[in-house]
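*Asks:* Dropping in my_file.cif, with mmCIF, C-alpha atoms.
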data_final
loop_
_atom_site.label_atom_id
_atom_site.label_comp_id
_atom_site.auth_asym_id
_atom_site.auth_seq_id
_atom_site.Cartn_x
_atom_site.Cartn_y
_atom_site.Cartn_z
CA MET A 1 42.41 53.24 124.39
CA ALA A 2 45.37 53.59 126.68
CA SER A 3 47.23 56.85 126.88
CA THR A 4 50.80 56.88 125.72
CA TYR A 5 53.58 59.50 125.32
CA THR A 6 55.04 58.37 128.62
CA PRO A 7 57.90 60.06 130.49
CA ILE A 8 60.84 57.66 130.77
CA ALA A 9 63.46 59.85 132.41
CA THR A 10 64.16 63.51 133.08
CA THR A 11 67.16 65.39 134.40
CA THR A 12 67.92 68.95 135.37
CA LEU A 13 71.67 69.58 135.45
CA GLY A 14 72.89 70.62 138.90
CA SER A 15 76.16 71.85 137.46
CA ALA A 16 77.57 72.47 134.02
CA ALA A 17 78.25 69.27 132.09
CA ALA A 18 79.96 68.46 128.81
CA SER A 19 77.38 65.86 127.89
CA TYR A 20 74.34 63.99 129.06
CA THR A 21 73.48 60.35 128.36
CA PHE A 22 70.19 58.50 128.59
CA SER A 23 71.21 54.88 129.14
CA SER A 24 69.41 51.55 129.60
CA ILE A 25 66.54 52.79 127.45
CA PRO A 26 63.82 50.12 127.45
CA SER A 27 62.83 48.64 124.09
CA THR A 28 59.14 48.56 124.98
CA TYR A 29 58.05 51.65 123.05
CA THR A 30 57.66 52.39 119.35
CA ASP A 31 59.15 55.89 119.27
CA LEU A 32 61.29 58.02 121.55
CA VAL A 33 61.01 61.80 121.88
CA LEU A 34 63.82 63.69 123.59
CA VAL A 35 63.15 67.26 124.69
CA PHE A 36 66.06 69.55 125.58
CA ASN A 37 65.74 73.03 127.01
CA GLY A 38 68.79 74.88 128.24
CA GLY A 39 71.91 76.73 127.26
CA THR A 40 75.69 76.57 127.22
CA THR A 41 78.57 78.10 129.14
CA SER A 42 80.12 79.64 126.03
CA ASN A 43 79.22 80.21 122.44
CA GLY A 44 79.11 76.96 120.55
CA PRO A 45 77.52 76.07 117.28
CA SER A 46 75.88 72.70 117.66
CA MET A 47 74.40 69.98 119.76
CA LEU A 48 75.67 66.56 118.75
CA ILE A 49 73.93 63.20 119.05
CA ARG A 50 75.58 59.84 119.47
CA ILE A 51 73.72 56.55 119.75
CA ASN A 52 74.69 53.42 121.70
CA GLY A 53 78.16 54.87 122.30
CA ASP A 54 79.05 54.47 118.63
CA THR A 55 81.95 56.81 117.77
CA THR A 56 82.57 55.46 114.27
CA SER A 57 81.69 57.19 110.99
CA ASN A 58 78.15 55.84 110.88
CA TYR A 59 76.28 59.13 110.96
CA SER A 60 75.03 61.67 108.44
CA ASP A 61 72.58 64.55 108.52
CA THR A 62 70.76 67.12 106.42
CA ALA A 63 69.61 70.43 107.90
CA LEU A 64 67.19 73.17 106.92
CA ASP A 65 67.99 76.34 108.87
CA GLY A 66 66.48 79.77 109.21
CA THR A 67 69.18 82.11 110.49
CA GLY A 68 67.02 85.19 110.92
CA SER A 69 68.04 86.61 107.56
CA SER A 70 68.19 83.64 105.19
CA ALA A 71 67.28 80.01 104.71
CA ILE A 72 70.22 77.67 104.29
CA SER A 73 70.93 73.96 104.21
CA THR A 74 73.95 71.96 105.29
CA ARG A 75 74.85 68.28 104.93
CA HIS A 76 77.34 66.01 106.65
CA SER A 77 78.24 62.51 105.48
CA ASN A 78 80.27 59.77 107.20
CA GLY A 79 80.34 61.77 110.43
CA THR A 80 80.96 60.51 113.94
CA TYR A 81 77.73 62.10 115.21
CA ILE A 82 74.49 63.72 114.06
CA THR A 83 74.78 67.48 114.09
CA VAL A 84 71.87 69.60 115.29
CA THR A 85 72.50 72.99 113.75
CA ASN A 86 71.75 76.28 115.50
CA ASP A 87 70.86 74.45 118.64
CA VAL A 88 73.08 75.68 121.44
CA GLY A 89 74.96 78.86 121.07
CA VAL A 90 74.65 81.69 123.57
CA ALA A 91 76.80 81.94 126.66
CA GLY A 92 74.81 82.12 129.85
CA THR A 93 71.35 82.22 128.31
CA LEU A 94 69.47 79.41 129.99
CA GLY A 95 66.27 78.37 128.33
CA ALA A 96 66.70 79.99 124.94
CA GLN A 97 67.71 76.78 123.24
CA THR A 98 65.16 74.06 122.70
CA SER A 99 65.33 70.82 120.76
CA THR A 100 62.79 68.09 120.18
CA ILE A 101 64.40 64.96 118.78
CA HIS A 102 62.35 62.05 117.45
CA PHE A 103 63.75 58.50 117.25
CA GLN A 104 61.08 56.53 115.38
CA ASN A 105 60.91 52.73 115.44
CA TYR A 106 64.05 52.92 117.53
CA ALA A 107 63.93 49.37 118.86
CA ASN A 108 63.74 47.42 115.63
CA THR A 109 66.73 45.38 114.49
CA THR A 110 66.00 45.49 110.78
CA THR A 111 66.41 49.12 109.68
CA TYR A 112 68.92 51.90 110.03
CA LYS A 113 67.64 54.59 112.36
CA THR A 114 66.43 57.95 111.05
CA VAL A 115 66.17 60.87 113.47
CA LEU A 116 64.01 63.99 113.04
CA VAL A 117 64.84 67.20 114.92
CA ARG A 118 63.18 70.55 115.48
CA ALA A 119 65.45 73.02 117.22
CA ASN A 120 65.76 76.70 117.89
CA ASN A 121 67.89 79.35 119.52
CA ALA A 122 65.42 82.03 120.47
CA THR A 123 67.85 84.79 121.40
CA SER A 124 69.41 87.35 119.06
CA ASN A 125 72.99 86.46 120.00
CA GLY A 126 75.38 83.67 119.11
CA TYR A 127 73.71 81.42 116.57
CA PRO A 128 70.04 82.37 116.58
CA GLY A 129 67.49 80.70 114.39
CA VAL A 130 65.36 77.65 113.79
CA SER A 131 66.35 74.28 112.41
CA ALA A 132 64.80 71.14 111.05
CA VAL A 133 67.23 68.26 110.74
CA VAL A 134 67.10 64.68 109.53
CA GLY A 135 69.89 62.38 110.67
CA LEU A 136 70.82 58.81 109.86
CA TRP A 137 72.61 56.23 112.02
CA ARG A 138 73.56 53.38 109.75
CA LYS A 139 75.23 50.91 112.03
CA THR A 140 74.20 47.32 111.39
CA PRO A 141 70.61 47.53 112.62
CA GLU A 142 70.28 47.27 116.37
CA ALA A 143 67.92 48.71 118.95
CA ILE A 144 68.80 52.10 120.40
CA ASN A 145 69.55 51.67 124.10
CA SER A 146 71.50 54.83 124.86
CA ILE A 147 71.55 58.39 123.54
CA THR A 148 74.29 60.89 124.30
CA LEU A 149 73.93 64.62 123.77
CA THR A 150 77.02 66.80 123.76
CA THR A 151 78.18 70.00 122.12
CA ALA A 152 80.94 70.77 119.65
CA SER A 153 83.03 72.98 121.89
CA THR A 154 81.27 74.01 125.09
CA THR A 155 79.27 72.64 128.04
CA PHE A 156 75.63 72.66 129.01
CA LEU A 157 74.62 75.17 131.66
CA ALA A 158 73.41 74.11 135.06
CA GLY A 159 69.63 74.15 134.91
CA SER A 160 69.45 72.66 131.43
CA THR A 161 66.77 69.98 131.24
CA PHE A 162 66.73 66.72 129.30
CA THR A 163 63.53 64.67 129.16
CA LEU A 164 62.91 61.41 127.33
CA TYR A 165 59.42 60.18 126.40
CA GLY A 166 58.25 56.87 124.98
CA ILE A 167 55.34 56.46 122.56
CA LEU A 168 53.74 53.06 122.14
CA ALA A 169 51.74 52.30 119.00
CA ALA A 170 48.79 49.93 119.02
CA MET B 1 46.79 72.15 125.05
CA PRO B 2 49.74 72.35 122.65
CA ILE B 3 50.07 69.74 119.93
CA LEU B 4 52.61 67.15 120.88
CA GLY B 5 55.40 66.32 118.52
CA ILE B 6 56.14 69.04 116.02
CA LEU B 7 55.06 71.88 118.27
CA ALA B 8 56.79 70.39 121.25
CA SER B 9 59.93 72.28 120.25
CA GLN B 10 58.10 75.46 121.22
CA ILE B 11 57.25 74.31 124.70
CA THR B 12 59.35 74.63 127.83
CA GLY B 13 59.04 72.31 130.78
CA HIS B 14 57.12 69.08 130.79
CA LEU B 15 54.43 68.09 128.39
CA SER B 16 50.99 66.95 129.41
CA THR B 17 50.95 63.33 128.29
CA ASN B 18 47.63 61.91 129.40
CA SER B 19 45.64 62.76 126.29
CA TYR B 20 47.64 61.10 123.54
CA GLU B 21 46.35 57.69 122.43
CA SER B 22 47.28 55.10 119.84
CA ILE B 23 44.48 54.36 117.34
CA GLN B 24 45.87 52.17 114.54
CA THR B 25 49.19 50.99 113.11
CA VAL B 26 49.97 49.72 109.61
CA THR B 27 53.20 47.79 109.09
CA VAL B 28 54.09 46.64 105.58
CA GLY B 29 54.95 42.98 105.19
CA VAL B 30 56.91 40.91 102.70
CA GLY B 31 56.24 41.93 99.11
CA GLY B 32 55.24 45.48 99.95
CA GLN B 33 52.06 47.31 99.05
CA SER B 34 51.02 50.29 96.95
CA SER B 35 49.15 52.21 99.65
CA ILE B 36 48.65 52.56 103.37
CA SER B 37 45.24 53.42 104.80
CA PHE B 38 43.74 54.23 108.16
CA THR B 39 40.00 53.61 108.12
CA SER B 40 37.01 54.00 110.46
CA ILE B 41 38.78 56.77 112.35
CA PRO B 42 36.68 57.70 115.39
CA SER B 43 35.61 61.33 115.76
CA THR B 44 36.28 61.38 119.49
CA TYR B 45 39.61 63.20 119.39
CA LYS B 46 40.51 66.83 118.75
CA HIS B 47 43.58 66.27 116.57
CA LEU B 48 45.36 63.40 114.87
CA GLN B 49 49.04 62.69 114.51
CA ILE B 50 50.69 60.16 112.20
CA ARG B 51 54.21 59.00 112.93
CA GLY B 52 56.06 56.59 110.71
CA ILE B 53 59.06 55.34 108.83
CA GLY B 54 58.85 54.42 105.17
CA ARG B 55 60.68 53.34 102.07
CA THR B 56 59.71 52.47 98.50
CA ASN B 57 61.47 50.86 95.59
CA SER B 58 61.92 54.23 93.91
CA GLY B 59 64.88 54.65 91.59
CA ASN B 60 66.06 57.59 93.71
CA PHE B 61 67.16 57.87 97.33
CA TYR B 62 63.83 59.49 98.12
CA ASP B 63 60.21 59.13 97.13
CA ALA B 64 56.84 60.70 97.95
CA THR B 65 53.29 59.51 98.42
CA GLN B 66 49.91 61.02 97.60
CA LEU B 67 47.84 61.85 100.67
CA THR B 68 44.03 61.83 100.38
CA PHE B 69 41.14 61.89 102.84
CA ASN B 70 37.86 59.96 102.81
CA SER B 71 38.80 58.51 99.37
CA ASP B 72 38.23 61.95 97.84
CA SER B 73 40.10 62.20 94.54
CA SER B 74 38.48 65.45 93.42
CA ALA B 75 40.42 68.70 92.92
CA SER B 76 40.08 69.74 96.56
CA TYR B 77 43.65 69.84 97.84
CA SER B 78 46.46 72.38 97.99
CA GLN B 79 49.80 72.72 99.77
CA HIS B 80 52.93 74.76 100.39
CA TYR B 81 56.33 73.62 101.53
CA LEU B 82 59.85 74.60 102.53
CA ASP B 83 62.43 72.07 101.54
CA ALA B 84 66.14 71.32 101.69
CA TYR B 85 67.24 68.85 99.04
CA ASN B 86 70.90 67.86 98.84
CA GLY B 87 71.93 71.17 100.37
CA THR B 88 69.66 73.41 98.30
CA VAL B 89 66.74 75.25 99.90
CA SER B 90 63.51 75.83 98.00
CA ALA B 91 59.91 76.75 98.65
CA SER B 92 56.93 76.03 96.46
CA ALA B 93 53.19 75.60 96.25
CA GLY B 94 51.41 72.47 95.15
CA GLY B 95 48.53 74.14 93.38
CA VAL B 96 45.08 75.18 94.53
CA SER B 97 43.12 72.40 92.88
CA ALA B 98 45.23 69.30 93.21
CA THR B 99 43.70 65.87 93.66
CA TYR B 100 45.99 64.99 96.56
CA ILE B 101 48.62 66.41 98.92
CA VAL B 102 52.15 65.34 98.09
CA ASN B 103 53.62 63.78 101.19
CA TYR B 104 57.41 64.16 101.21
CA TYR B 105 59.52 62.18 102.01
CA LEU B 106 59.66 58.45 101.90
CA GLY B 107 62.95 56.71 101.64
CA GLY B 108 63.97 55.43 98.25
CA ASN B 109 66.18 52.66 97.03
CA THR B 110 69.00 52.86 99.57
CA SER B 111 69.23 49.61 101.50
CA ASN B 112 67.96 49.65 105.09
CA THR B 113 67.38 53.42 104.95
CA PHE B 114 63.93 54.72 105.81
CA SER B 115 62.49 58.20 106.02
CA ALA B 116 60.89 59.56 109.18
CA ASN B 117 57.54 61.34 109.04
CA ILE B 118 55.38 63.25 111.52
CA ILE B 119 52.05 64.56 110.26
CA ASP B 120 49.52 66.59 112.26
CA ILE B 121 45.88 66.82 111.18
CA LEU B 122 44.14 69.54 113.13
CA ASP B 123 40.50 69.63 114.19
CA TYR B 124 39.90 66.71 111.84
CA ALA B 125 36.32 66.00 112.99
CA ASN B 126 35.03 69.58 112.78
CA THR B 127 32.32 69.87 110.11
CA ASN B 128 32.42 73.67 109.90
CA LYS B 129 35.83 74.25 108.35
CA TYR B 130 38.36 72.97 105.84
CA LYS B 131 41.07 70.66 107.15
CA THR B 132 44.71 71.65 107.50
CA VAL B 133 47.63 69.28 107.59
CA ARG B 134 51.23 69.99 108.43
CA SER B 135 54.16 67.67 108.27
CA LEU B 136 57.84 67.31 108.95
CA ALA B 137 59.60 64.57 107.04
CA GLY B 138 63.15 63.72 106.11
CA ILE B 139 65.39 61.13 104.54
CA ASP B 140 69.15 61.00 104.80
CA ALA B 141 71.07 58.44 102.78
CA ASN B 142 74.62 59.47 103.71
CA THR B 143 76.72 60.14 100.58
CA THR B 144 73.79 59.31 98.29
CA GLY B 145 71.80 62.36 99.35
CA GLY B 146 69.52 63.90 101.93
CA ALA B 147 66.32 65.92 102.05
CA ILE B 148 64.04 67.42 104.65
CA ASN B 149 60.63 68.95 104.08
CA TYR B 150 58.33 71.11 106.16
CA SER B 151 54.92 71.46 104.58
CA SER B 152 51.32 72.47 105.06
CA GLY B 153 48.35 71.19 103.11
CA SER B 154 44.65 71.91 102.86
CA TRP B 155 41.69 69.70 102.08
CA GLN B 156 38.88 72.03 101.07
CA LYS B 157 36.03 69.95 102.41
CA THR B 158 34.15 70.32 105.67
CA ASN B 159 33.57 66.61 106.18
CA ALA B 160 34.95 64.95 109.26
CA ILE B 161 37.98 62.89 108.31
CA THR B 162 37.18 59.22 108.67
CA SER B 163 39.90 57.71 106.51
CA ILE B 164 43.44 58.63 105.45
CA THR B 165 45.31 57.07 102.54
CA PHE B 166 48.91 57.33 101.39
CA THR B 167 49.31 56.06 97.83
CA SER B 168 52.62 55.42 96.08
CA THR B 169 53.30 55.17 92.38
CA ASN B 170 55.95 52.65 93.42
CA THR B 171 55.81 49.88 96.02
CA ILE B 172 56.04 50.72 99.72
CA GLN B 173 58.60 48.32 101.12
CA GLN B 174 58.61 45.81 103.96
CA TYR B 175 59.20 47.24 107.46
CA SER B 176 57.61 50.56 106.58
CA SER B 177 55.37 51.35 109.51
CA PHE B 178 52.92 54.18 110.18
CA ALA B 179 50.98 54.72 113.39
CA LEU B 180 47.91 56.93 113.91
CA TYR B 181 47.42 58.68 117.24
CA GLY B 182 44.54 60.71 118.62
CA ILE B 183 44.98 63.78 120.82
CA ARG B 184 42.10 64.74 123.05
CA GLY B 185 40.99 68.36 123.33
#
Spit out the file's structure as structure tokens when you get a sec.

*Replies:*
Amino acid sequence: MASTYTPIATTTLGSAAASYTFSSIPSTYTDLVLVFNGGTTSNGPSMLIRINGDTTSNYSDTALDGTGSSAISTRHSNGTYITVTNDVGVAGTLGAQTSTIHFQNYANTTTYKTVLVRANNATSNGYPGVSAVVGLWRKTPEAINSITLTTASTTFLAGSTFTLYGILAA
Amino acid sequence: MPILGILASQITGHLSTNSYESIQTVTVGVGGQSSISFTSIPSTYKHLQIRGIGRTNSGNFYDATQLTFNSDSSASYSQHYLDAYNGTVSASAGGVSATYIVNYYLGGNTSNTFSANIIDILDYANTNKYKTVRSLAGIDANTTGGAINYSSGSWQKTNAITSITFTSTNTIQQYSSFALYGIRG
């Protein structure tokens, strides 16, 4: 059987950037997996996901967070992005923040898209902790062809890496 | 080698991607079905991973399925989970002698809205130890509700896993799709 889990694109930021976009994503895979590892230039609470450049209120999310002292949950409805809680948060700490974001059956044109996230901030400053998040993009079903990652109020540090993989089911 | 998928969030740098292979996919057609099965699973891999989206005709925004191995319906299963349901966090155990592992979540009755599921089955072909499963699954239905579940389950048999079945008390709906992957050791 053929191997899959194929790298599609990867970027290491040469300078700080407010956002990063994977565009022209091919529709030839079954799932996408986006791996982020980096940091931010100032304290900021969240990484945000937008799909296909959609800035309307088509997003919602539910998070399960471990803050280091308690387990909490947050929800957002009718948002303009999917929020990844506890994801980026410590000024100048490159590499402490990691996210793995799964876009399953991303290319179908019959279902809304559900996103699964595992994220962490491994330092003891800013917003440390671990998160599991489920997000929904409920635009009239269309294939995902671009994904934009940004933050609520800061920028990604130079050296942050963004890698996109494709998984093809038999 | 680290397990791809769930554990990938603990890895820095690039993943090794030449040992992850697609084995089988089940996609539900018109009319739906009550269960999804992977059968005749080869023993040539080290670990298995199941990735899928799903929805039933449950009366709620979410649903669950019953996960069993090798058609074993005896009291040989147990599980624990950490869960966030509509903003409330809880943790619980599923008993030490259950007849299946509860697999949260599938989507429920909200139109076009499917859950996402990633399930790892470790050392599934080893005949010297019980089998452990872990999963991450979630469903968000905007203002209707949302839930995410992180769980671990045990099948207290030493048999190699050759079949996997998800059974619903409702009907699994069209466009639900689950794919089985093998990870080489």

*Asks:* Show me, as a ChimeraX atom specification, every residue of chain B with an atom at most 7 Å from chain A, counting all atoms listed in the file.

*Replies:* /B:8-9,12,17-25,52-53,84,87-89,112-116,138-140,142-143,146-148,179

*Asks:* Output as lines of an AutoDock Vina configuration file the centre and edge lengths (Å, one decimal) of the box along x, y and z of the file that holds every listed atom of region 101-112 of chain B after adding 4 Å on each side.

*Replies:*
center_x = 58.9
center_y = 58.0
center_z = 101.1
size_x = 28.6
size_y = 24.8
size_z = 16.1

*Asks:* Can you give me, as a short mmCIF file (atom, residue, chain, number, x, y, z; two decimals) with C-alpha atoms, in the frame of the given file, the residues this file yields under the PyMOL selection byres ((chain B and resi 29) around 10)?

*Replies:*
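Output file result02.cif follows:
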data_model
loop_
_atom_site.label_atom_id
_atom_site.label_comp_id
_atom_site.auth_asym_id
_atom_site.auth_seq_id
_atom_site.Cartn_x
_atom_site.Cartn_y
_atom_site.Cartn_z
CA VAL B 26 49.97 49.72 109.61
CA THR B 27 53.20 47.79 109.09
CA VAL B 28 54.09 46.64 105.58
CA VAL B 30 56.91 40.91 102.70
CA GLY B 31 56.24 41.93 99.11
CA GLY B 32 55.24 45.48 99.95
CA GLN B 33 52.06 47.31 99.05
CA ILE B 172 56.04 50.72 99.72
CA GLN B 173 58.60 48.32 101.12
CA GLN B 174 58.61 45.81 103.96
CA TYR B 175 59.20 47.24 107.46
CA SER B 176 57.61 50.56 106.58
CA SER B 177 55.37 51.35 109.51
#

*Asks:* Calculate how many Å separate CA of Ser58 (chain B) from CA of Phe166 (chain B), rounding to one decimal.

*Replies:*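 Spanning CA of Ser58 (chain B) to CA of Phe166 (chain B) is a straight-line distance of 15.3 Å.
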
*Asks:* Could you tell me how far CA of Phe69 (chain B) sits from CA of Thr167 (chain B), in Å to one decimal place?

*Replies:*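 Between these atoms lies a distance of 11.2 Å.
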
*Asks:* Please report the interatomic distance between CA of Asn149 (chain B) and CA of Gly185 (chain B) in Å with one decimal.

*Replies:*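 Interatomic distance here is 27.5 Å.
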
*Asks:* Is it possible to produce a file of region 25-91 of chain B from this structure, with C-alpha atoms, as a short mmCIF file (atom, residue, chain, number, x, y, z; two decimals), in the first residue's frame?

*Replies:*
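Contents of the output file selection_26.cif:
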data_model
loop_
_atom_site.label_atom_id
_atom_site.label_comp_id
_atom_site.auth_asym_id
_atom_site.auth_seq_id
_atom_site.Cartn_x
_atom_site.Cartn_y
_atom_site.Cartn_z
CA THR B 25 -12.27 3.42 4.02
CA VAL B 26 -15.98 3.13 4.75
CA THR B 27 -18.28 5.86 3.44
CA VAL B 28 -21.98 5.69 4.27
CA GLY B 29 -24.37 5.96 1.36
CA VAL B 30 -27.99 6.96 0.91
CA GLY B 31 -30.24 5.55 3.62
CA GLY B 32 -27.50 5.25 6.20
CA GLN B 33 -26.43 2.20 8.17
CA SER B 34 -26.38 1.06 11.79
CA SER B 35 -22.69 0.18 12.01
CA ILE B 36 -19.31 0.68 10.38
CA SER B 37 -16.76 -2.14 10.30
CA PHE B 38 -13.18 -2.64 9.24
CA THR B 39 -12.49 -6.32 8.66
CA SER B 40 -9.54 -8.55 7.72
CA ILE B 41 -7.10 -6.03 9.16
CA PRO B 42 -3.56 -7.18 8.34
CA SER B 43 -1.14 -7.66 11.24
CA THR B 44 1.76 -6.08 9.38
CA TYR B 45 1.66 -2.67 11.06
CA LYS B 46 2.70 -1.51 14.51
CA HIS B 47 -0.22 0.83 15.22
CA LEU B 48 -3.55 1.75 13.67
CA GLN B 49 -5.23 5.10 13.32
CA ILE B 50 -8.84 5.79 12.37
CA ARG B 51 -9.81 9.21 11.08
CA GLY B 52 -13.34 10.13 10.20
CA ILE B 53 -16.35 12.37 10.15
CA GLY B 54 -19.75 11.14 11.25
CA ARG B 55 -23.35 12.00 11.96
CA THR B 56 -26.44 10.07 13.04
CA ASN B 57 -30.12 10.82 13.19
CA SER B 58 -29.94 11.27 16.96
CA GLY B 59 -32.46 13.58 18.57
CA ASN B 60 -29.58 15.62 20.02
CA PHE B 61 -26.77 17.61 18.41
CA TYR B 62 -24.39 14.82 19.33
CA ASP B 63 -24.37 11.05 19.46
CA ALA B 64 -21.98 8.22 20.31
CA THR B 65 -21.20 4.78 18.98
CA GLN B 66 -20.18 1.52 20.62
CA LEU B 67 -16.66 0.40 19.71
CA THR B 68 -15.84 -3.33 19.77
CA PHE B 69 -13.00 -5.49 18.49
CA ASN B 70 -13.07 -8.89 16.78
CA SER B 71 -16.87 -9.03 17.33
CA ASP B 72 -16.25 -9.52 21.06
CA SER B 73 -19.36 -8.52 23.01
CA SER B 74 -18.20 -9.94 26.34
CA ALA B 75 -17.53 -7.78 29.42
CA SER B 76 -13.92 -7.07 28.43
CA TYR B 77 -13.82 -3.31 27.93
CA SER B 78 -13.22 -0.25 30.09
CA GLN B 79 -12.51 3.44 29.53
CA HIS B 80 -11.86 6.86 31.02
CA TYR B 81 -12.44 10.26 29.52
CA LEU B 82 -12.11 14.01 29.92
CA ASP B 83 -14.90 15.92 28.32
CA ALA B 84 -16.19 19.43 27.67
CA TYR B 85 -19.90 19.51 26.94
CA ASN B 86 -21.58 22.85 26.27
CA GLY B 87 -18.96 24.64 28.34
CA THR B 88 -18.91 22.23 31.28
CA VAL B 89 -15.87 20.06 31.97
CA SER B 90 -16.23 16.56 33.38
CA ALA B 91 -14.23 13.38 33.76
#
